[in-house]
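Colleague: Quick one, protein.cif (mmCIF, C-alpha atoms):
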```cif
data_model
#
loop_
_atom_site.group_PDB
_atom_site.id
_atom_site.type_symbol
_atom_site.label_atom_id
_atom_site.label_comp_id
_atom_site.auth_asym_id
_atom_site.auth_seq_id
_atom_site.Cartn_x
_atom_site.Cartn_y
_atom_site.Cartn_z
ATOM 1 C CA MET A 1 0.000 0.000 0.000
ATOM 2 C CA ILE A 2 1.232 3.491 -0.985
ATOM 3 C CA PRO A 3 1.724 5.827 1.990
ATOM 4 C CA ARG A 4 -0.778 8.714 2.270
ATOM 5 C CA HIS A 5 1.857 11.473 1.944
ATOM 6 C CA LEU A 6 3.083 9.862 -1.309
ATOM 7 C CA GLN A 7 -0.496 9.700 -2.665
ATOM 8 C CA ILE A 8 -0.965 13.401 -1.871
ATOM 9 C CA GLY A 9 2.366 14.185 -3.553
ATOM 10 C CA ILE A 10 1.345 12.260 -6.710
ATOM 11 C CA VAL A 11 -2.034 14.074 -6.857
ATOM 12 C CA ILE A 12 -0.319 17.464 -6.470
ATOM 13 C CA LEU A 13 2.266 16.560 -9.133
ATOM 14 C CA PHE A 14 -0.452 15.351 -11.531
ATOM 15 C CA THR A 15 -2.470 18.542 -10.943
ATOM 16 C CA ALA A 16 0.638 20.636 -11.619
ATOM 17 C CA ILE A 17 1.305 18.741 -14.884
ATOM 18 C CA VAL A 18 -2.275 19.268 -16.069
ATOM 19 C CA PHE A 19 -2.115 22.959 -15.125
ATOM 20 C CA MET A 20 1.217 23.392 -16.946
ATOM 21 C CA ALA A 21 -0.180 21.681 -20.069
ATOM 22 C CA PHE A 22 -3.157 24.099 -20.175
ATOM 23 C CA TYR A 23 -0.868 27.073 -19.499
ATOM 24 C CA ALA A 24 1.555 26.025 -22.293
ATOM 25 C CA ARG A 25 -1.338 25.654 -24.724
ATOM 26 C CA HIS A 26 -2.661 29.087 -23.760
ATOM 27 C CA MET A 27 0.789 30.664 -24.238
ATOM 28 C CA ARG A 28 1.219 29.014 -27.667
ATOM 29 C CA GLY A 29 -2.072 30.607 -28.737
ATOM 30 C CA ARG A 30 -0.929 34.024 -27.499
ATOM 31 C CA VAL A 31 2.401 33.717 -29.327
ATOM 32 C CA ALA A 32 0.636 32.756 -32.573
ATOM 33 C CA GLU A 33 -1.729 35.720 -32.189
ATOM 34 C CA THR A 34 1.182 38.103 -31.552
ATOM 35 C CA GLU A 35 3.084 36.788 -34.584
ATOM 36 C CA ALA A 36 0.014 37.243 -36.780
ATOM 37 C CA GLN A 37 -0.345 40.845 -35.591
ATOM 38 C CA ALA A 38 3.365 41.509 -36.187
ATOM 39 C CA ALA A 39 3.139 40.081 -39.712
ATOM 40 C CA ASP A 40 0.311 42.466 -40.619
ATOM 41 C CA ASN A 41 2.441 45.515 -41.348
ATOM 42 C CA ARG A 42 0.059 47.365 -43.659
ATOM 43 C CA LEU A 43 -0.130 51.080 -43.114
ATOM 44 C CA VAL A 44 -3.457 52.319 -41.857
ATOM 45 C CA ALA A 45 -4.329 55.808 -42.955
ATOM 46 C CA PRO A 46 -5.358 58.133 -40.136
ATOM 47 C CA PRO A 47 -8.816 59.638 -40.447
ATOM 48 C CA VAL A 48 -8.808 62.774 -42.549
ATOM 49 C CA SER A 49 -9.930 65.978 -40.926
ATOM 50 C CA GLY A 50 -10.985 68.688 -43.280
ATOM 51 C CA ALA A 51 -13.914 69.969 -45.284
ATOM 52 C CA THR A 52 -15.257 67.835 -48.112
ATOM 53 C CA GLU A 53 -14.305 69.411 -51.413
ATOM 54 C CA GLN A 54 -15.113 68.813 -55.037
ATOM 55 C CA VAL A 55 -11.953 67.757 -56.879
ATOM 56 C CA THR A 56 -11.080 66.510 -60.329
ATOM 57 C CA LEU A 57 -9.265 63.186 -60.554
ATOM 58 C CA TYR A 58 -7.692 62.292 -63.876
ATOM 59 C CA VAL A 59 -8.409 58.621 -64.546
ATOM 60 C CA ALA A 60 -6.475 56.573 -67.093
ATOM 61 C CA TYR A 61 -8.448 54.253 -69.363
ATOM 62 C CA ASP A 62 -5.872 51.869 -70.775
ATOM 63 C CA ASP A 63 -8.043 50.015 -73.287
ATOM 64 C CA SER A 64 -9.227 53.164 -75.051
ATOM 65 C CA GLY A 65 -5.956 55.041 -74.438
ATOM 66 C CA VAL A 66 -7.537 58.135 -72.911
ATOM 67 C CA LEU A 67 -7.354 60.157 -69.708
ATOM 68 C CA ARG A 68 -10.728 61.328 -68.417
ATOM 69 C CA PRO A 69 -11.454 63.865 -65.682
ATOM 70 C CA GLN A 70 -13.742 62.517 -62.976
ATOM 71 C CA VAL A 71 -15.334 64.694 -60.313
ATOM 72 C CA ALA A 72 -15.136 63.410 -56.739
ATOM 73 C CA HIS A 73 -16.072 64.763 -53.323
ATOM 74 C CA ILE A 74 -13.484 63.914 -50.682
ATOM 75 C CA PRO A 75 -12.447 65.379 -47.322
ATOM 76 C CA LEU A 76 -9.203 67.305 -47.703
ATOM 77 C CA PRO A 77 -6.885 68.748 -45.057
ATOM 78 C CA SER A 78 -5.537 72.266 -45.482
ATOM 79 C CA GLY A 79 -1.826 71.374 -45.775
ATOM 80 C CA ARG A 80 -0.575 70.975 -49.346
ATOM 81 C CA GLN A 81 1.343 67.752 -48.717
ATOM 82 C CA GLN A 82 -1.549 66.088 -46.843
ATOM 83 C CA ARG A 83 -3.982 67.362 -49.474
ATOM 84 C CA GLY A 84 -1.911 65.805 -52.247
ATOM 85 C CA GLN A 85 -1.645 62.518 -50.352
ATOM 86 C CA GLU A 86 -5.444 62.313 -49.983
ATOM 87 C CA LEU A 87 -5.946 63.081 -53.682
ATOM 88 C CA LEU A 88 -3.580 60.270 -54.668
ATOM 89 C CA ARG A 89 -5.244 57.934 -52.157
ATOM 90 C CA ALA A 90 -8.664 58.666 -53.714
ATOM 91 C CA LEU A 91 -7.271 58.104 -57.215
ATOM 92 C CA LEU A 92 -5.618 54.833 -56.176
ATOM 93 C CA GLN A 93 -8.910 53.617 -54.655
ATOM 94 C CA LEU A 94 -10.525 54.019 -58.088
ATOM 95 C CA TYR A 95 -7.739 51.916 -59.630
ATOM 96 C CA LEU A 96 -8.107 49.200 -56.991
ATOM 97 C CA GLU A 97 -11.823 48.687 -57.635
ATOM 98 C CA LYS A 98 -12.891 45.428 -59.258
ATOM 99 C CA ASN A 99 -13.801 46.885 -62.678
ATOM 100 C CA SER A 100 -11.061 49.500 -62.733
ATOM 101 C CA PRO A 101 -9.921 50.770 -66.158
ATOM 102 C CA PRO A 102 -6.232 50.014 -65.414
ATOM 103 C CA PRO A 103 -6.089 46.950 -63.162
ATOM 104 C CA LEU A 104 -3.795 47.179 -60.147
ATOM 105 C CA PRO A 105 -3.306 44.535 -57.451
ATOM 106 C CA ALA A 106 -4.710 45.074 -53.956
ATOM 107 C CA SER A 107 -1.137 45.373 -52.649
ATOM 108 C CA ALA A 108 -0.408 48.418 -54.849
ATOM 109 C CA ASP A 109 0.035 51.555 -52.767
ATOM 110 C CA ILE A 110 1.282 55.131 -52.797
ATOM 111 C CA PRO A 111 2.614 55.368 -49.240
ATOM 112 C CA GLY A 112 4.160 58.792 -49.569
ATOM 113 C CA LEU A 113 3.933 62.197 -51.186
ATOM 114 C CA TYR A 114 6.563 64.794 -50.352
ATOM 115 C CA ILE A 115 6.596 68.435 -51.375
ATOM 116 C CA VAL A 116 10.323 69.062 -51.595
ATOM 117 C CA ASP A 117 10.250 72.690 -52.634
ATOM 118 C CA PRO A 118 7.269 74.937 -53.371
ATOM 119 C CA GLY A 119 6.826 73.525 -56.876
ATOM 120 C CA LEU A 120 8.090 69.928 -56.711
ATOM 121 C CA ALA A 121 6.042 66.951 -55.506
ATOM 122 C CA VAL A 122 7.730 63.573 -55.106
ATOM 123 C CA ILE A 123 5.348 60.603 -55.360
ATOM 124 C CA ASP A 124 6.611 57.426 -53.700
ATOM 125 C CA THR A 125 4.872 54.260 -54.939
ATOM 126 C CA ASN A 126 5.526 50.792 -53.566
ATOM 127 C CA ALA A 127 7.137 47.966 -55.531
ATOM 128 C CA ALA A 128 3.782 46.225 -56.116
ATOM 129 C CA PHE A 129 2.485 49.352 -57.886
ATOM 130 C CA ALA A 130 5.357 49.275 -60.394
ATOM 131 C CA ASP A 131 6.089 45.540 -60.596
ATOM 132 C CA ASN A 132 2.476 44.631 -61.382
ATOM 133 C CA HIS A 133 1.733 47.535 -63.705
ATOM 134 C CA ARG A 134 0.828 46.684 -67.293
ATOM 135 C CA SER A 135 3.764 47.220 -69.623
ATOM 136 C CA GLY A 136 3.490 49.505 -72.635
ATOM 137 C CA VAL A 137 4.369 53.037 -73.664
ATOM 138 C CA LEU A 138 0.781 54.313 -73.681
ATOM 139 C CA VAL A 139 -0.508 52.605 -70.520
ATOM 140 C CA GLU A 140 2.526 53.657 -68.472
ATOM 141 C CA SER A 141 2.368 57.229 -69.794
ATOM 142 C CA LEU A 142 -1.331 57.365 -68.916
ATOM 143 C CA THR A 143 -0.609 56.370 -65.324
ATOM 144 C CA VAL A 144 2.148 58.972 -64.955
ATOM 145 C CA ALA A 145 -0.105 61.639 -66.478
ATOM 146 C CA SER A 146 -2.997 60.547 -64.229
ATOM 147 C CA LEU A 147 -0.965 60.987 -61.046
ATOM 148 C CA ALA A 148 0.695 64.218 -62.136
ATOM 149 C CA GLU A 149 -2.352 65.977 -63.608
ATOM 150 C CA THR A 150 -4.456 65.130 -60.533
ATOM 151 C CA LEU A 151 -1.877 66.940 -58.387
ATOM 152 C CA PHE A 152 -1.358 69.851 -60.803
ATOM 153 C CA THR A 153 -5.108 70.498 -61.006
ATOM 154 C CA ASN A 154 -5.940 70.270 -57.308
ATOM 155 C CA VAL A 155 -2.873 71.393 -55.337
ATOM 156 C CA PRO A 156 -1.903 75.027 -55.971
ATOM 157 C CA GLY A 157 1.742 75.699 -56.746
ATOM 158 C CA ILE A 158 2.850 72.192 -57.781
ATOM 159 C CA THR A 159 4.489 72.498 -61.186
ATOM 160 C CA ARG A 160 6.748 69.402 -61.292
ATOM 161 C CA VAL A 161 6.388 65.759 -60.272
ATOM 162 C CA LYS A 162 8.998 63.061 -59.646
ATOM 163 C CA ILE A 163 8.013 59.402 -59.170
ATOM 164 C CA LEU A 164 9.982 56.985 -56.978
ATOM 165 C CA VAL A 165 9.493 53.282 -56.234
ATOM 166 C CA ASP A 166 10.042 52.252 -52.608
ATOM 167 C CA GLY A 167 11.854 55.527 -52.006
ATOM 168 C CA LYS A 168 14.377 54.954 -54.825
ATOM 169 C CA GLU A 169 14.729 56.125 -58.369
ATOM 170 C CA ARG A 170 13.856 53.498 -60.954
ATOM 171 C CA ALA A 171 14.591 53.671 -64.670
ATOM 172 C CA THR A 172 11.034 52.992 -65.833
ATOM 173 C CA LEU A 173 7.595 52.263 -64.452
ATOM 174 C CA ALA A 174 7.168 48.890 -66.193
ATOM 175 C CA GLY A 175 9.727 49.060 -68.988
ATOM 176 C CA HIS A 176 8.738 52.237 -70.860
ATOM 177 C CA ALA A 177 7.698 55.393 -68.972
ATOM 178 C CA ASP A 178 10.893 57.153 -67.900
ATOM 179 C CA LEU A 179 10.970 57.657 -64.127
ATOM 180 C CA THR A 180 14.409 59.267 -64.078
ATOM 181 C CA GLN A 181 12.989 62.583 -65.268
ATOM 182 C CA PHE A 182 10.835 65.269 -63.696
ATOM 183 C CA TYR A 183 7.402 65.765 -65.252
ATOM 184 C CA ASP A 184 6.443 69.420 -65.512
ATOM 185 C CA SER A 185 2.880 70.691 -65.644
ATOM 186 C CA SER A 186 3.061 72.196 -69.143
ATOM 187 C CA THR A 187 4.326 68.949 -70.722
ATOM 188 C CA VAL A 188 1.766 66.809 -68.905
ATOM 189 C CA SER A 189 -1.062 69.251 -69.687
ATOM 190 C CA ARG A 190 -0.193 69.130 -73.401
ATOM 191 C CA MET A 191 -0.260 65.337 -73.236
ATOM 192 C CA VAL A 192 -3.627 65.385 -71.434
ATOM 193 C CA ASP A 193 -5.069 67.798 -74.024
ATOM 194 C CA GLN A 194 -3.822 65.565 -76.830
ATOM 195 C CA LEU A 195 -5.363 62.482 -75.210
ATOM 196 C CA GLN A 196 -8.673 64.313 -74.690
ATOM 197 C CA SER A 197 -8.787 65.360 -78.344
ATOM 198 C CA ASN A 198 -8.355 61.717 -79.387
ATOM 199 C CA GLN A 199 -11.580 60.656 -77.610
#
```
Written as structure tokens, that's how I'd like the structure from this file.
Modeller:
Amino acid sequence: MIPRHLQIGIVILFTAIVFMAFYARHMRGRVAETEAQAADNRLVAPPVSGATEQVTLYVAYDDSGVLRPQVAHIPLPSGRQQRGQELLRALLQLYLEKNSPPPLPASADIPGLYIVDPGLAVIDTNAAFADNHRSGVLVESLTVASLAETLFTNVPGITRVKILVDGKERATLAGHADLTQFYDSSTVSRMVDQLQSNQ
């Protein structure tokens, strides 16, 4: 017969083992949850504070090779840089819709817009925006013109645009549109006018 103090010791040890098993399982679940949260590194845009304004977004239609103005009503902050960022965000949302004229993947993003001097805006796209863009002289030029003309039309004082990919200069958007140059408003406006006359 097993002594009583040994029986009590075995019961306590067994209870401790069961408790430790439940605790280890609970901790594994917490670690998995924490890892999942750490892996989700998408940027979340802060809510925009500002009056809703009517703006003109220039939307590229790749299949017909035209750039069309589209009126939108979006909340815009007063600062030029934040205003430009919201305009590009609204334009990108149009391109990410299911039946968008130029298809872009859901991972495409324009995480940054920087006004470097009073007239120069630097647009920073992510790699998915460029890597998954359709290749071709016209479709790439339409996208560049869409981004630039939207800023030129709605943000006073911007006269030149430079496009980066992941914060770095890239030779082309998807093999054709030159991203090493600065796009000035007069050149882009002439291109937009020419595209509109071809409709």
Colleague: In Å, how far is it from CA of Ala177 (chain A) to CA of Val66 (chain A)?
Modeller: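 Separation between CA of Ala177 (chain A) and CA of Val66 (chain A): 16.0 Å.
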Colleague: CA of Ala21 (chain A) to CA of Pro3 (chain A): how many Å, to one decimal?
Modeller: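 According to the coordinates, CA of Ala21 (chain A) and CA of Pro3 (chain A) are separated by 27.2 Å.
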Colleague: List the neighbours of region 136-153 of chain A out to 9 Å using all atoms listed in the file; skip same-chain residues closer than 5 positions along the sequence, and give me the result as a PyMOL selection string.
Modeller: chain A and resi 55-63+65-69+84+87-88+91+102+121+123+158-163+172-179+183-185+188-189+191-192
Colleague: For a test of reading the model, state the distance in Å between CA of Pro156 (chain A) and CA of Ser78 (chain A), rounded to one decimal.
Modeller: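 Interatomic distance, CA of Pro156 (chain A) to CA of Ser78 (chain A): 11.4 Å.
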Colleague: Given 5 Å of margin on each side, can you work out the centre and size in Å (one decimal) of an axis-aligned box holding every listed atom of region 119-134 of chain A, as AutoDock Vina command-line options?
Modeller:
```
--center_x 4.5 --center_y 59.1 --center_z -60.4 --size_x 17.3 --size_y 38.9 --size_z 23.7
```
Colleague: With all atoms listed in the file as the counted atoms, please give the residues lying no more than 9 Å from Ala51 (chain A), apart from itself and same-chain residues fewer than 3 positions off, as a PyMOL selection string.
Modeller: chain A and resi 74-78
Colleague: So what does the PyMOL selection byres ((chain A and resi 112) around 8) actually pick up in this one, as a list in words?
Modeller: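 Applied to this file, the PyMOL selection byres ((chain A and resi 112) around 8) selects Gln85, Ile110, Pro111, Leu113, Tyr114, Ile123, Asp124 and Thr125 of chain A.
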Colleague: Identify which of the residues A:Arg190, A:Arg170, A:His26, A:His73 lies closest to Ala127 (chain A), counting all atoms listed in the file when measuring atom-to-atom distances.
Modeller: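 The shortest atom-to-atom distance to Ala127 (chain A) comes from A:Arg170.
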